[in-house]
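Have a look at protein20.pdb; it's PDB, C-alpha atoms:
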ATOM      1  CA  MET A1103      64.051 155.608  -9.949
ATOM      2  CA  GLU A1104      61.223 156.234  -7.498
ATOM      3  CA  LYS A1105      58.547 155.828 -10.180
ATOM      4  CA  LEU A1106      60.044 152.548 -11.376
ATOM      5  CA  PHE A1107      60.327 151.265  -7.805
ATOM      6  CA  LEU A1108      56.695 152.112  -7.005
ATOM      7  CA  LYS A1109      55.508 150.465 -10.214
ATOM      8  CA  ILE A1110      57.416 147.288  -9.415
ATOM      9  CA  ILE A1111      56.182 147.164  -5.833
ATOM     10  CA  GLU A1112      52.575 147.910  -6.795
ATOM     11  CA  GLU A1113      52.579 145.125  -9.380
ATOM     12  CA  ASN A1114      54.158 142.630  -7.003
ATOM     13  CA  GLN A1115      52.744 143.716  -3.648
ATOM     14  CA  GLY A1116      51.084 140.330  -3.311
ATOM     15  CA  ILE A1117      54.486 138.930  -2.362
ATOM     16  CA  ILE A1118      54.823 141.357   0.547
ATOM     17  CA  TYR A1119      51.223 140.716   1.565
ATOM     18  CA  LYS A1120      51.775 136.954   1.670
ATOM     19  CA  VAL A1121      55.012 137.205   3.666
ATOM     20  CA  CYS A1122      53.315 139.493   6.202
ATOM     21  CA  LYS A1123      50.370 137.125   6.581
ATOM     22  CA  MET A1124      52.752 134.197   7.078
ATOM     23  CA  TYR A1125      55.006 135.796   9.656
ATOM     24  CA  ARG A1126      52.667 137.896  11.771
ATOM     25  CA  ASP A1127      49.384 137.034  13.528
ATOM     26  CA  ALA A1128      47.766 140.370  14.202
ATOM     27  CA  PRO A1129      46.634 142.683  11.363
ATOM     28  CA  GLN A1130      48.458 145.657  12.922
ATOM     29  CA  ASP A1131      51.713 143.661  13.105
ATOM     30  CA  GLN A1132      51.181 142.597   9.481
ATOM     31  CA  GLU A1133      50.749 146.230   8.490
ATOM     32  CA  ASP A1134      53.921 147.227  10.388
ATOM     33  CA  LEU A1135      55.882 144.451   8.722
ATOM     34  CA  PHE A1136      54.509 145.494   5.313
ATOM     35  CA  GLN A1137      55.923 148.981   5.832
ATOM     36  CA  GLU A1138      59.206 147.582   7.096
ATOM     37  CA  ILE A1139      59.598 145.380   4.013
ATOM     38  CA  VAL A1140      58.799 148.239   1.618
ATOM     39  CA  LEU A1141      61.450 150.360   3.322
ATOM     40  CA  GLN A1142      64.066 147.572   3.079
ATOM     41  CA  LEU A1143      63.179 147.075  -0.602
ATOM     42  CA  TRP A1144      63.554 150.811  -1.204
ATOM     43  CA  LYS A1145      67.003 150.774   0.459
ATOM     44  CA  ALA A1146      68.084 147.767  -1.612
ATOM     45  CA  PHE A1147      66.632 149.028  -4.908
ATOM     46  CA  PRO A1148      69.688 151.045  -6.089
ATOM     47  CA  LYS A1149      71.742 147.818  -5.966
ATOM     48  CA  PHE A1150      69.145 145.734  -7.815
ATOM     49  CA  ARG A1151      70.715 144.926 -11.171
ATOM     50  CA  GLU A1152      67.985 142.671 -12.529
ATOM     51  CA  GLU A1153      70.343 139.693 -12.417
ATOM     52  CA  SER A1154      67.491 137.848 -10.772
ATOM     53  CA  LYS A1155      63.738 138.092 -11.314
ATOM     54  CA  VAL A1156      61.948 140.913  -9.530
ATOM     55  CA  SER A1157      59.861 138.395  -7.585
ATOM     56  CA  THR A1158      62.993 136.530  -6.459
ATOM     57  CA  TRP A1159      64.599 139.767  -5.287
ATOM     58  CA  MET A1160      61.449 140.784  -3.429
ATOM     59  CA  TYR A1161      61.000 137.401  -1.788
ATOM     60  CA  ARG A1162      64.604 137.349  -0.620
ATOM     61  CA  ILE A1163      64.353 140.741   1.057
ATOM     62  CA  ALA A1164      60.824 140.262   2.380
ATOM     63  CA  LEU A1165      61.580 136.884   3.957
ATOM     64  CA  ASN A1166      64.851 138.155   5.356
ATOM     65  CA  THR A1167      63.152 141.180   6.922
ATOM     66  CA  ALA A1168      60.291 139.120   8.354
ATOM     67  CA  ILE A1169      62.650 136.625   9.978
ATOM     68  CA  ALA A1170      65.158 139.222  11.227
ATOM     69  CA  THR A1171      62.457 141.300  12.935
ATOM     70  CA  PHE A1172      60.534 138.354  14.365
ATOM     71  CA  ARG A1173      59.845 138.457  18.101
ATOM     72  CA  LYS A1174      58.555 135.490  20.055
ATOM     73  CA  ASN A1175      55.811 135.515  22.657
ATOM     74  CA  THR A1176      53.877 138.525  21.438
ATOM     75  CA  VAL A1177      50.218 138.576  22.431
ATOM     76  CA  SER A1178      48.070 138.914  19.369
ATOM     77  CA  LEU A1179      44.488 140.049  19.143
ATOM     78  CA  SER A1180      43.311 139.353  15.650
ATOM     79  CA  HIS A1181      40.214 140.773  14.092
ATOM     80  CA  TYR A1182      38.749 140.617  10.626
ATOM     81  CA  ASP A1183      38.142 143.630   8.418
ATOM     82  CA  ASP A1184      34.568 144.627   7.637
ATOM     83  CA  LEU A1185      33.200 143.023   4.473
ATOM     84  CA  PRO A1186      32.712 145.384   1.514
ATOM     85  CA  ASP A1187      29.087 146.049   0.585
ATOM     86  CA  HIS A1188      29.318 145.475  -3.155
ATOM     87  CA  LEU A1189      30.332 141.797  -3.174
ATOM     88  CA  PRO A1190      28.072 138.900  -2.329
ATOM     89  CA  VAL A1191      28.798 138.206   1.312
ATOM     90  CA  SER A1192      29.006 134.440   0.958
ATOM     91  CA  THR A1193      31.515 134.463  -1.955
ATOM     92  CA  TYR A1194      33.866 136.990  -0.363
ATOM     93  CA  GLN A1195      33.535 135.452   3.069
ATOM     94  CA  GLU A1196      34.269 131.927   1.828
ATOM     95  CA  LYS A1197      37.326 133.110  -0.149
ATOM     96  CA  SER A1198      38.518 135.194   2.788
ATOM     97  CA  GLU A1199      38.001 132.342   5.269
ATOM     98  CA  ASN A1200      39.886 129.860   3.076
ATOM     99  CA  GLU A1201      42.685 132.370   2.688
ATOM    100  CA  GLU A1202      42.842 132.939   6.438
ATOM    101  CA  LYS A1203      42.782 129.190   7.117
ATOM    102  CA  LEU A1204      45.725 128.730   4.792
ATOM    103  CA  PHE A1205      47.762 131.436   6.469
ATOM    104  CA  GLU A1206      46.847 130.199   9.939
ATOM    105  CA  ALA A1207      48.100 126.758   8.931
ATOM    106  CA  ILE A1208      51.335 128.199   7.535
ATOM    107  CA  ARG A1209      51.901 130.157  10.754
ATOM    108  CA  LYS A1210      51.988 126.824  12.598
ATOM    109  CA  LEU A1211      55.170 125.949  10.692
ATOM    110  CA  ASN A1212      58.568 127.164  11.909
ATOM    111  CA  GLN A1213      60.252 130.243  10.425
ATOM    112  CA  ALA A1214      62.341 128.424   7.832
ATOM    113  CA  GLU A1215      59.471 126.154   6.761
ATOM    114  CA  ARG A1216      57.236 129.161   6.093
ATOM    115  CA  ALA A1217      59.865 130.624   3.759
ATOM    116  CA  LEU A1218      60.321 127.374   1.859
ATOM    117  CA  ILE A1219      56.622 126.618   1.417
ATOM    118  CA  ALA A1220      55.973 130.163   0.197
ATOM    119  CA  LEU A1221      58.584 129.734  -2.518
ATOM    120  CA  PHE A1222      57.218 126.302  -3.410
ATOM    121  CA  LEU A1223      53.660 127.631  -3.708
ATOM    122  CA  GLU A1224      55.008 130.478  -5.845
ATOM    123  CA  ASP A1225      56.111 127.750  -8.273
ATOM    124  CA  TYR A1226      59.842 128.126  -7.890
ATOM    125  CA  SER A1227      61.868 125.051  -8.801
ATOM    126  CA  TYR A1228      63.837 123.246  -6.104
ATOM    127  CA  LYS A1229      66.996 124.631  -7.688
ATOM    128  CA  GLU A1230      65.693 128.202  -7.493
ATOM    129  CA  ILE A1231      64.526 127.705  -3.905
ATOM    130  CA  ALA A1232      67.938 126.294  -2.965
ATOM    131  CA  HIS A1233      69.693 129.272  -4.545
ATOM    132  CA  LEU A1234      67.440 131.799  -2.817
ATOM    133  CA  ALA A1235      67.579 130.079   0.560
ATOM    134  CA  GLY A1236      71.304 129.288   0.395
ATOM    135  CA  ILE A1237      70.879 125.558   1.066
ATOM    136  CA  THR A1238      71.348 122.451  -1.084
ATOM    137  CA  GLU A1239      68.753 121.300  -3.585
ATOM    138  CA  ASN A1240      68.620 117.926  -1.837
ATOM    139  CA  ASN A1241      67.836 119.659   1.466
ATOM    140  CA  VAL A1242      65.033 121.616  -0.235
ATOM    141  CA  GLY A1243      63.493 118.426  -1.606
ATOM    142  CA  VAL A1244      63.488 116.692   1.761
ATOM    143  CA  LYS A1245      62.123 119.708   3.570
ATOM    144  CA  ILE A1246      59.361 120.484   1.061
ATOM    145  CA  SER A1247      58.089 116.897   1.285
ATOM    146  CA  ARG A1248      57.934 117.141   5.056
ATOM    147  CA  ILE A1249      56.325 120.560   5.006
ATOM    148  CA  LYS A1250      53.651 119.411   2.558
ATOM    149  CA  GLU A1251      52.826 116.480   4.842
ATOM    150  CA  LYS A1252      52.724 118.774   7.857
ATOM    151  CA  LEU A1253      50.447 121.256   6.092
ATOM    152  CA  LYS A1254      48.118 118.515   4.922
ATOM    153  CA  ASN A1255      47.725 117.295   8.510
ATOM    154  CA  ILE A1256      47.146 120.812   9.801
ATOM    155  CA  LEU A1257      44.580 121.679   7.118
ATOM    156  CA  ASN A1258      42.707 118.389   7.516
TER     157      ASN A1258
ATOM    158  CA  MET B1175      41.158 122.487   0.902
ATOM    159  CA  GLU B1176      43.553 120.455  -1.277
ATOM    160  CA  LEU B1177      47.219 121.337  -1.239
ATOM    161  CA  GLU B1178      47.283 121.154  -5.027
ATOM    162  CA  ASN B1179      44.605 123.866  -5.284
ATOM    163  CA  LEU B1180      46.695 126.120  -3.080
ATOM    164  CA  LYS B1181      49.363 126.621  -5.742
ATOM    165  CA  SER B1182      46.903 127.886  -8.303
ATOM    166  CA  ASN B1183      45.355 130.386  -5.865
ATOM    167  CA  TRP B1184      48.602 131.402  -4.167
ATOM    168  CA  LYS B1185      49.987 133.686  -6.887
ATOM    169  CA  ASN B1186      46.890 135.900  -6.922
ATOM    170  CA  LEU B1187      46.717 136.491  -3.196
ATOM    171  CA  GLY B1188      47.120 140.035  -1.945
ATOM    172  CA  ASN B1189      47.386 141.859  -5.267
ATOM    173  CA  GLY B1190      46.039 145.388  -5.735
ATOM    174  CA  LYS B1191      45.492 146.210  -2.079
ATOM    175  CA  LYS B1192      47.683 149.329  -1.925
ATOM    176  CA  ASN B1193      48.171 152.120  -4.449
ATOM    177  CA  GLN B1194      51.434 153.874  -5.331
ATOM    178  CA  SER B1195      50.683 156.832  -3.110
ATOM    179  CA  GLU B1196      50.377 154.580  -0.045
ATOM    180  CA  LEU B1197      53.513 152.699  -1.032
ATOM    181  CA  LEU B1198      55.429 155.958  -1.463
ATOM    182  CA  THR B1199      54.743 157.001   2.140
ATOM    183  CA  MET B1200      56.252 153.696   3.274
ATOM    184  CA  THR B1201      59.636 154.582   1.763
ATOM    185  CA  HIS B1202      60.028 157.345   4.351
ATOM    186  CA  ILE B1203      61.465 156.364   7.719
ATOM    187  CA  ASN B1204      59.293 158.883   9.571
ATOM    188  CA  ASN B1205      56.242 156.810   8.679
ATOM    189  CA  HIS B1206      57.589 153.610  10.225
ATOM    190  CA  PRO B1207      56.330 153.036  13.764
ATOM    191  CA  ARG B1208      59.041 150.573  14.853
ATOM    192  CA  ILE B1209      62.025 152.406  13.356
ATOM    193  CA  LYS B1210      60.642 155.774  14.408
ATOM    194  CA  GLN B1211      60.251 154.515  17.995
ATOM    195  CA  ILE B1212      63.814 153.162  18.115
ATOM    196  CA  ARG B1213      65.172 156.318  16.503
ATOM    197  CA  THR B1214      63.282 158.609  18.900
ATOM    198  CA  LYS B1215      64.546 156.603  21.888
ATOM    199  CA  PHE B1216      68.090 156.757  20.521
ATOM    200  CA  LEU B1217      67.883 160.516  19.854
ATOM    201  CA  ILE B1218      66.528 161.275  23.334
ATOM    202  CA  GLU B1219      69.330 159.228  24.871
ATOM    203  CA  VAL B1220      72.000 160.957  22.761
ATOM    204  CA  ILE B1221      70.589 164.421  23.527
ATOM    205  CA  PHE B1222      70.514 163.761  27.285
ATOM    206  CA  ILE B1223      74.001 162.311  27.303
ATOM    207  CA  THR B1224      75.372 165.136  25.154
ATOM    208  CA  VAL B1225      73.811 167.749  27.444
ATOM    209  CA  PHE B1226      75.267 165.878  30.424
ATOM    210  CA  LEU B1227      78.723 165.971  28.805
ATOM    211  CA  MET B1228      78.390 169.698  28.121
ATOM    212  CA  ILE B1229      77.360 170.675  31.648
ATOM    213  CA  TYR B1230      78.992 168.069  33.852
ATOM    214  CA  TYR B1231      82.327 169.925  34.222
ATOM    215  CA  ASN B1232      80.741 173.052  35.702
ATOM    216  CA  GLY B1233      77.638 171.426  37.087
ATOM    217  CA  PHE B1234      79.385 168.622  38.928
ATOM    218  CA  ASP B1235      82.728 170.261  39.784
ATOM    219  CA  GLY B1236      84.762 168.475  37.175
ATOM    220  CA  GLU B1237      87.736 170.693  38.015
ATOM    221  CA  THR B1238      87.904 169.192  41.522
ATOM    222  CA  LYS B1239      88.097 165.655  40.137
ATOM    223  CA  PRO B1240      91.313 164.017  38.858
ATOM    224  CA  LEU B1241      92.029 164.469  35.167
ATOM    225  CA  TRP B1242      91.912 160.705  34.571
ATOM    226  CA  ALA B1243      88.382 160.583  36.013
ATOM    227  CA  ASN B1244      87.257 163.306  33.598
ATOM    228  CA  LEU B1245      88.916 161.623  30.633
ATOM    229  CA  PHE B1246      87.507 158.246  31.638
ATOM    230  CA  LEU B1247      83.986 159.708  31.817
ATOM    231  CA  ILE B1248      84.243 161.490  28.467
ATOM    232  CA  SER B1249      85.714 158.516  26.574
ATOM    233  CA  ALA B1250      83.287 156.010  28.128
ATOM    234  CA  THR B1251      80.373 158.292  27.206
ATOM    235  CA  VAL B1252      81.534 158.719  23.620
ATOM    236  CA  LEU B1253      82.090 154.958  23.247
ATOM    237  CA  TYR B1254      78.609 154.325  24.650
ATOM    238  CA  ILE B1255      76.997 156.661  22.112
ATOM    239  CA  ILE B1256      78.998 155.193  19.213
ATOM    240  CA  ASN B1257      77.963 151.662  20.202
ATOM    241  CA  ARG B1258      74.302 152.664  20.439
ATOM    242  CA  PHE B1259      74.539 154.213  16.980
ATOM    243  CA  ILE B1260      76.126 151.093  15.503
ATOM    244  CA  GLY B1261      73.438 148.941  17.151
ATOM    245  CA  PHE B1262      70.750 151.164  15.667
ATOM    246  CA  MET B1263      72.286 150.821  12.183
ATOM    247  CA  VAL B1264      72.632 147.026  12.490
ATOM    248  CA  LEU B1265      68.997 146.576  13.554
ATOM    249  CA  ASN B1266      67.715 148.689  10.689
ATOM    250  CA  ASN B1267      69.765 146.961   7.995
ATOM    251  CA  PRO B1268      69.131 143.229   8.377
ATOM    252  CA  VAL B1269      69.506 142.353   4.677
ATOM    253  CA  SER B1270      72.999 142.061   3.226
ATOM    254  CA  GLU B1271      73.966 138.995   1.198
ATOM    255  CA  THR B1272      72.609 137.314  -1.915
ATOM    256  CA  ASN B1273      70.724 134.503  -0.211
ATOM    257  CA  LEU B1274      68.679 134.039   2.948
ATOM    258  CA  ASN B1275      71.157 131.774   4.726
ATOM    259  CA  ALA B1276      74.184 134.030   4.160
ATOM    260  CA  SER B1277      72.242 137.164   5.036
ATOM    261  CA  LEU B1278      70.903 135.729   8.291
ATOM    262  CA  HIS B1279      74.400 134.472   9.180
ATOM    263  CA  ALA B1280      75.844 137.946   8.620
ATOM    264  CA  PHE B1281      73.036 139.544  10.639
ATOM    265  CA  LYS B1282      73.525 137.072  13.486
ATOM    266  CA  ASN B1283      77.281 137.743  13.577
ATOM    267  CA  ASN B1284      76.650 141.491  13.709
ATOM    268  CA  LEU B1285      74.145 141.051  16.528
ATOM    269  CA  GLN B1286      76.654 138.971  18.507
ATOM    270  CA  LYS B1287      79.314 141.660  18.136
ATOM    271  CA  ILE B1288      76.852 144.343  19.205
ATOM    272  CA  ALA B1289      75.764 142.265  22.221
ATOM    273  CA  PHE B1290      79.384 141.942  23.333
ATOM    274  CA  LEU B1291      80.206 145.612  22.710
ATOM    275  CA  THR B1292      77.035 146.707  24.479
ATOM    276  CA  VAL B1293      78.080 144.871  27.638
ATOM    277  CA  ILE B1294      81.535 146.443  27.536
ATOM    278  CA  THR B1295      80.487 150.022  26.713
ATOM    279  CA  SER B1296      77.451 150.080  29.025
ATOM    280  CA  PHE B1297      79.496 148.731  31.902
ATOM    281  CA  LEU B1298      82.319 151.191  31.254
ATOM    282  CA  PHE B1299      79.857 154.073  31.035
ATOM    283  CA  GLY B1300      78.236 153.107  34.333
ATOM    284  CA  ILE B1301      81.572 152.589  36.058
ATOM    285  CA  ALA B1302      82.865 155.919  34.711
ATOM    286  CA  ILE B1303      79.880 157.761  36.224
ATOM    287  CA  ILE B1304      80.219 155.995  39.567
ATOM    288  CA  VAL B1305      83.975 156.588  39.664
ATOM    289  CA  PHE B1306      83.586 160.249  38.697
ATOM    290  CA  PHE B1307      81.133 160.969  41.482
ATOM    291  CA  SER B1308      83.029 158.809  43.984
ATOM    292  CA  THR B1309      86.400 160.504  43.620
ATOM    293  CA  SER B1310      87.123 163.213  46.156
ATOM    294  CA  ILE B1311      84.596 161.641  48.529
ATOM    295  CA  THR B1312      85.500 160.473  51.991
ATOM    296  CA  PHE B1313      83.922 157.074  52.214
ATOM    297  CA  THR B1314      81.897 155.921  55.173
ATOM    298  CA  SER B1315      80.389 152.446  55.462
ATOM    299  CA  GLY B1316      77.023 153.901  54.441
ATOM    300  CA  LYS B1317      78.480 155.428  51.290
ATOM    301  CA  ARG B1318      80.243 152.177  50.464
ATOM    302  CA  ILE B1319      76.905 150.370  50.635
ATOM    303  CA  VAL B1320      75.367 152.964  48.307
ATOM    304  CA  VAL B1321      78.182 152.500  45.774
ATOM    305  CA  ALA B1322      77.860 148.712  46.082
ATOM    306  CA  GLY B1323      74.134 149.068  45.394
ATOM    307  CA  MET B1324      74.861 151.189  42.329
ATOM    308  CA  LEU B1325      77.277 148.563  41.026
ATOM    309  CA  VAL B1326      74.706 145.802  41.504
ATOM    310  CA  THR B1327      72.037 147.891  39.728
ATOM    311  CA  LEU B1328      74.447 148.603  36.888
ATOM    312  CA  THR B1329      75.236 144.894  36.537
ATOM    313  CA  VAL B1330      71.548 143.983  36.428
ATOM    314  CA  LEU B1331      70.765 146.667  33.817
ATOM    315  CA  VAL B1332      73.688 145.634  31.632
ATOM    316  CA  TYR B1333      72.627 141.988  31.909
ATOM    317  CA  ILE B1334      69.050 142.834  30.836
ATOM    318  CA  SER B1335      70.352 144.762  27.827
ATOM    319  CA  TYR B1336      72.653 141.853  26.946
ATOM    320  CA  ARG B1337      69.766 139.354  27.198
ATOM    321  CA  ASN B1338      67.694 141.434  24.755
ATOM    322  CA  TRP B1339      70.457 141.228  22.160
ATOM    323  CA  ILE B1340      71.111 137.532  22.814
ATOM    324  CA  ASN B1341      67.397 136.734  22.419
ATOM    325  CA  ARG B1342      67.580 138.285  18.967
ATOM    326  CA  VAL B1343      70.685 136.214  18.191
ATOM    327  CA  GLN B1344      69.005 133.011  19.403
ATOM    328  CA  SER B1345      65.931 133.669  17.286
ATOM    329  CA  ILE B1346      68.085 133.986  14.154
ATOM    330  CA  GLU B1347      70.196 130.973  15.164
ATOM    331  CA  GLU B1348      67.055 128.859  15.485
ATOM    332  CA  THR B1349      65.936 129.785  11.998
ATOM    333  CA  LEU B1350      69.383 128.984  10.599
ATOM    334  CA  GLN B1351      69.244 125.559  12.247
ATOM    335  CA  GLU B1352      65.740 125.005  10.860
ATOM    336  CA  LEU B1353      67.030 125.821   7.381
ATOM    337  CA  HIS B1354      69.815 123.290   7.612
ATOM    338  CA  GLU B1355      68.366 120.368   9.537
ATOM    339  CA  THR B1356      67.420 117.339   7.473
ATOM    340  CA  ALA B1357      67.262 114.683  10.172
ATOM    341  CA  VAL B1358      63.800 113.328  10.958
TER     342      VAL B1358
END

What do you get writing this file as C-alpha cells?
Amino acid sequence: MEKLFLKIIEENQGIIYKVCKMYRDAPQDQEDLFQEIVLQLWKAFPKFREESKVSTWMYRIALNTAIATFRKNTVSLSHYDDLPDHLPVSTYQEKSENEEKLFEAIRKLNQAERALIALFLEDYSYKEIAHLAGITENNVGVKISRIKEKLKNILN
Amino acid sequence: MELENLKSNWKNLGNGKKNQSELLTMTHINNHPRIKQIRTKFLIEVIFITVFLMIYYNGFDGETKPLWANLFLISATVLYIINRFIGFMVLNNPVSETNLNASLHAFKNNLQKIAFLTVITSFLFGIAIIVFFSTSITFTSGKRIVVAGMLVTLTVLVYISYRNWINRVQSIEETLQELHETAV
C-alpha cells in the first residue's frame, strides 16, 4: 500500500504544490503545509476506493487541509530560491516570475475563491467542481465568472 | 499574462519537485513540525498533570482534605486531560466527508463542541485546584483577596483558550459563507 501511495503522490505532487502556493505566503509555511497535506492523504488512503479520480481525491483533501489549518494575520517573510546553474537565467527567471505573479494574484482571493479557481484551472467541469465543493452548479458558474473578472483585474 | 494561457500552464506546475524518499518521510508524524509541536505540548501537559495526580495526596496532605474535594480534583483533572486529547484528535483530523462543504461543516461543528467543553473542563479543573487548596484553611481578608485573584486569573486564562478555539471556528465559518454567497 505504501509503494502505491508514494507512486500516486509523486505523480500528482503538482496538486499539493499548487494548493500550498495558493494558501500560504512564505516558503517555509508552504513546506509545512505540503507535509501536512501528505500526512492527511496518507491517513485517508486506506479509505480511497477509486470511486473518484485520484486528482479529485487529492484536491479535496489538500484544499480541506489548507483551509482548516489556515491562520490569519501571520507575518510572512518571503524569499526566492537560488536559481539553478544549468538553465538559462532569463528563461527560468521569467517562468518563475510569471508563476509567482499568478500565485500572488490568487492569494488575493478569499479562501473559497482560491479553491474554486484552482479546480477551474485544472479543467474540471462546473458539475465536477460543484460535486467536489458541495455547492450547486449554478453557484459555481456565478462564482467562477466573478473570480475570473477579479483575477483579470489583479493581473492587469 | 492572459487568463486563457493560465489553464494550459496550470496542470504542469509543481511536478517532479520531490522524490518518493522525501514523500515517505512526510507520512510520519514525527517529521511534522506543527503536529509534533502540538503533540509535545500535549504530552508535557499530560505528564505534569499525571505526576501531580500521583503525588498530590501525600505531597499536599490530601488525607486532611474532605473526600469530596479529593474526588472533585481527580475527576476534574481526568476530564481536563480527556478534553485536551479529544481537541488534539479533532485538530489533527480535519478531513471527514465526501465534499469540501460537508467536511468543513463537520470540522466547524467539532471545533464548536471542543470550544464549549474546553471552557467547562478548564474552569472545573481550575476551580477544583483552588477548592482543594482552600479547604481546611482559615480565611483572612488577605487570603480571600488571593483566592479572588486566582479566580480572576483562571477566568482570563479560560477566556483566552476559548477565544483561540472560536477564532478557528470563525475562520471556517467565513470560508463556508464565501462558498455559499452568490449575491453581488

Let me know the residues the PyMOL selection byres ((chain B and resi 1198) around 10) catches in the file above, as an MDAnalysis selection string. (chainID A and resid 1104:1105 1107:1108 1111 1140:1141 1144) or (chainID B and resid 1193:1197 1199:1202)

Write out the residues from the selection above, keeping C-alpha atoms, as a JSON list (two decimals), keeping the file's coordinate frame.
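See out_36.json below for the written result:
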[["chain", "number", "residue", "atom", "x", "y", "z"],
["A", 1104, "GLU", "CA", 61.22, 156.23, -7.50],
["A", 1105, "LYS", "CA", 58.55, 155.83, -10.18],
["A", 1107, "PHE", "CA", 60.33, 151.26, -7.80],
["A", 1108, "LEU", "CA", 56.70, 152.11, -7.00],
["A", 1111, "ILE", "CA", 56.18, 147.16, -5.83],
["A", 1140, "VAL", "CA", 58.80, 148.24, 1.62],
["A", 1141, "LEU", "CA", 61.45, 150.36, 3.32],
["A", 1144, "TRP", "CA", 63.55, 150.81, -1.20],
["B", 1193, "ASN", "CA", 48.17, 152.12, -4.45],
["B", 1194, "GLN", "CA", 51.43, 153.87, -5.33],
["B", 1195, "SER", "CA", 50.68, 156.83, -3.11],
["B", 1196, "GLU", "CA", 50.38, 154.58, -0.04],
["B", 1197, "LEU", "CA", 53.51, 152.70, -1.03],
["B", 1199, "THR", "CA", 54.74, 157.00, 2.14],
["B", 1200, "MET", "CA", 56.25, 153.70, 3.27],
["B", 1201, "THR", "CA", 59.64, 154.58, 1.76],
["B", 1202, "HIS", "CA", 60.03, 157.34, 4.35]]

Run the ChimeraX specification (/A :<8) & /B against the file shown and list the residues it catches, as a PDB file with C-alpha atoms, in the coordinates of the input.
ATOM      1  CA  MET B1175      41.158 122.487   0.902  1.00  0.00           C
ATOM      2  CA  GLU B1176      43.553 120.455  -1.277  1.00  0.00           C
ATOM      3  CA  LEU B1177      47.219 121.337  -1.239  1.00  0.00           C
ATOM      4  CA  LEU B1180      46.695 126.120  -3.080  1.00  0.00           C
ATOM      5  CA  LYS B1181      49.363 126.621  -5.742  1.00  0.00           C
ATOM      6  CA  TRP B1184      48.602 131.402  -4.167  1.00  0.00           C
ATOM      7  CA  LYS B1185      49.987 133.686  -6.887  1.00  0.00           C
ATOM      8  CA  ASN B1186      46.890 135.900  -6.922  1.00  0.00           C
ATOM      9  CA  LEU B1187      46.717 136.491  -3.196  1.00  0.00           C
ATOM     10  CA  GLY B1188      47.120 140.035  -1.945  1.00  0.00           C
ATOM     11  CA  ASN B1189      47.386 141.859  -5.267  1.00  0.00           C
ATOM     12  CA  GLY B1190      46.039 145.388  -5.735  1.00  0.00           C
ATOM     13  CA  LYS B1191      45.492 146.210  -2.079  1.00  0.00           C
ATOM     14  CA  LYS B1192      47.683 149.329  -1.925  1.00  0.00           C
ATOM     15  CA  ASN B1193      48.171 152.120  -4.449  1.00  0.00           C
ATOM     16  CA  GLN B1194      51.434 153.874  -5.331  1.00  0.00           C
ATOM     17  CA  LEU B1197      53.513 152.699  -1.032  1.00  0.00           C
ATOM     18  CA  LEU B1198      55.429 155.958  -1.463  1.00  0.00           C
ATOM     19  CA  MET B1200      56.252 153.696   3.274  1.00  0.00           C
ATOM     20  CA  THR B1201      59.636 154.582   1.763  1.00  0.00           C
ATOM     21  CA  HIS B1202      60.028 157.345   4.351  1.00  0.00           C
ATOM     22  CA  ILE B1203      61.465 156.364   7.719  1.00  0.00           C
ATOM     23  CA  HIS B1206      57.589 153.610  10.225  1.00  0.00           C
ATOM     24  CA  PRO B1207      56.330 153.036  13.764  1.00  0.00           C
ATOM     25  CA  ARG B1208      59.041 150.573  14.853  1.00  0.00           C
ATOM     26  CA  ASN B1267      69.765 146.961   7.995  1.00  0.00           C
ATOM     27  CA  PRO B1268      69.131 143.229   8.377  1.00  0.00           C
ATOM     28  CA  VAL B1269      69.506 142.353   4.677  1.00  0.00           C
ATOM     29  CA  THR B1272      72.609 137.314  -1.915  1.00  0.00           C
ATOM     30  CA  ASN B1273      70.724 134.503  -0.211  1.00  0.00           C
ATOM     31  CA  LEU B1274      68.679 134.039   2.948  1.00  0.00           C
ATOM     32  CA  ASN B1275      71.157 131.774   4.726  1.00  0.00           C
ATOM     33  CA  ALA B1276      74.184 134.030   4.160  1.00  0.00           C
ATOM     34  CA  SER B1277      72.242 137.164   5.036  1.00  0.00           C
ATOM     35  CA  LEU B1278      70.903 135.729   8.291  1.00  0.00           C
ATOM     36  CA  PHE B1281      73.036 139.544  10.639  1.00  0.00           C
ATOM     37  CA  ARG B1342      67.580 138.285  18.967  1.00  0.00           C
ATOM     38  CA  SER B1345      65.931 133.669  17.286  1.00  0.00           C
ATOM     39  CA  ILE B1346      68.085 133.986  14.154  1.00  0.00           C
ATOM     40  CA  THR B1349      65.936 129.785  11.998  1.00  0.00           C
ATOM     41  CA  LEU B1350      69.383 128.984  10.599  1.00  0.00           C
ATOM     42  CA  GLU B1352      65.740 125.005  10.860  1.00  0.00           C
ATOM     43  CA  LEU B1353      67.030 125.821   7.381  1.00  0.00           C
ATOM     44  CA  HIS B1354      69.815 123.290   7.612  1.00  0.00           C
ATOM     45  CA  THR B1356      67.420 117.339   7.473  1.00  0.00           C
TER      46      THR B1356
END

What is the atom CA of Val1321 of chain B-atom CA of Ile1303 of chain B distance in Å, reported with one decimal?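 Computing the Euclidean distance for atom CA of Val1321 of chain B and atom CA of Ile1303 of chain B yields 11.0 Å.
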
Taking the file as I've supplied it (selection: the PyMOL selection byres ((chain B and resi 1288) around 12)), which residues are included? Please answer as a PyMOL selection string. chain B and resi 1254+1256-1265+1281-1287+1289-1296+1335-1340+1342-1343

Hey, can you pull every residue with an atom no more than 12 Å from (79.0, 155.9, 28.7), using all atoms listed in the file, and send it as a VMD selection string? chain B and resid 1219 to 1220 1222 to 1224 1226 to 1227 1245 to 1258 1291 to 1304 1306 1328 1332

I'd like the interatomic distance between atom CA of Glu1133 of chain A and atom CA of Phe1216 of chain B, to a tenth of an Å.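 Between atom CA of Glu1133 of chain A and atom CA of Phe1216 of chain B the gap is 23.6 Å.
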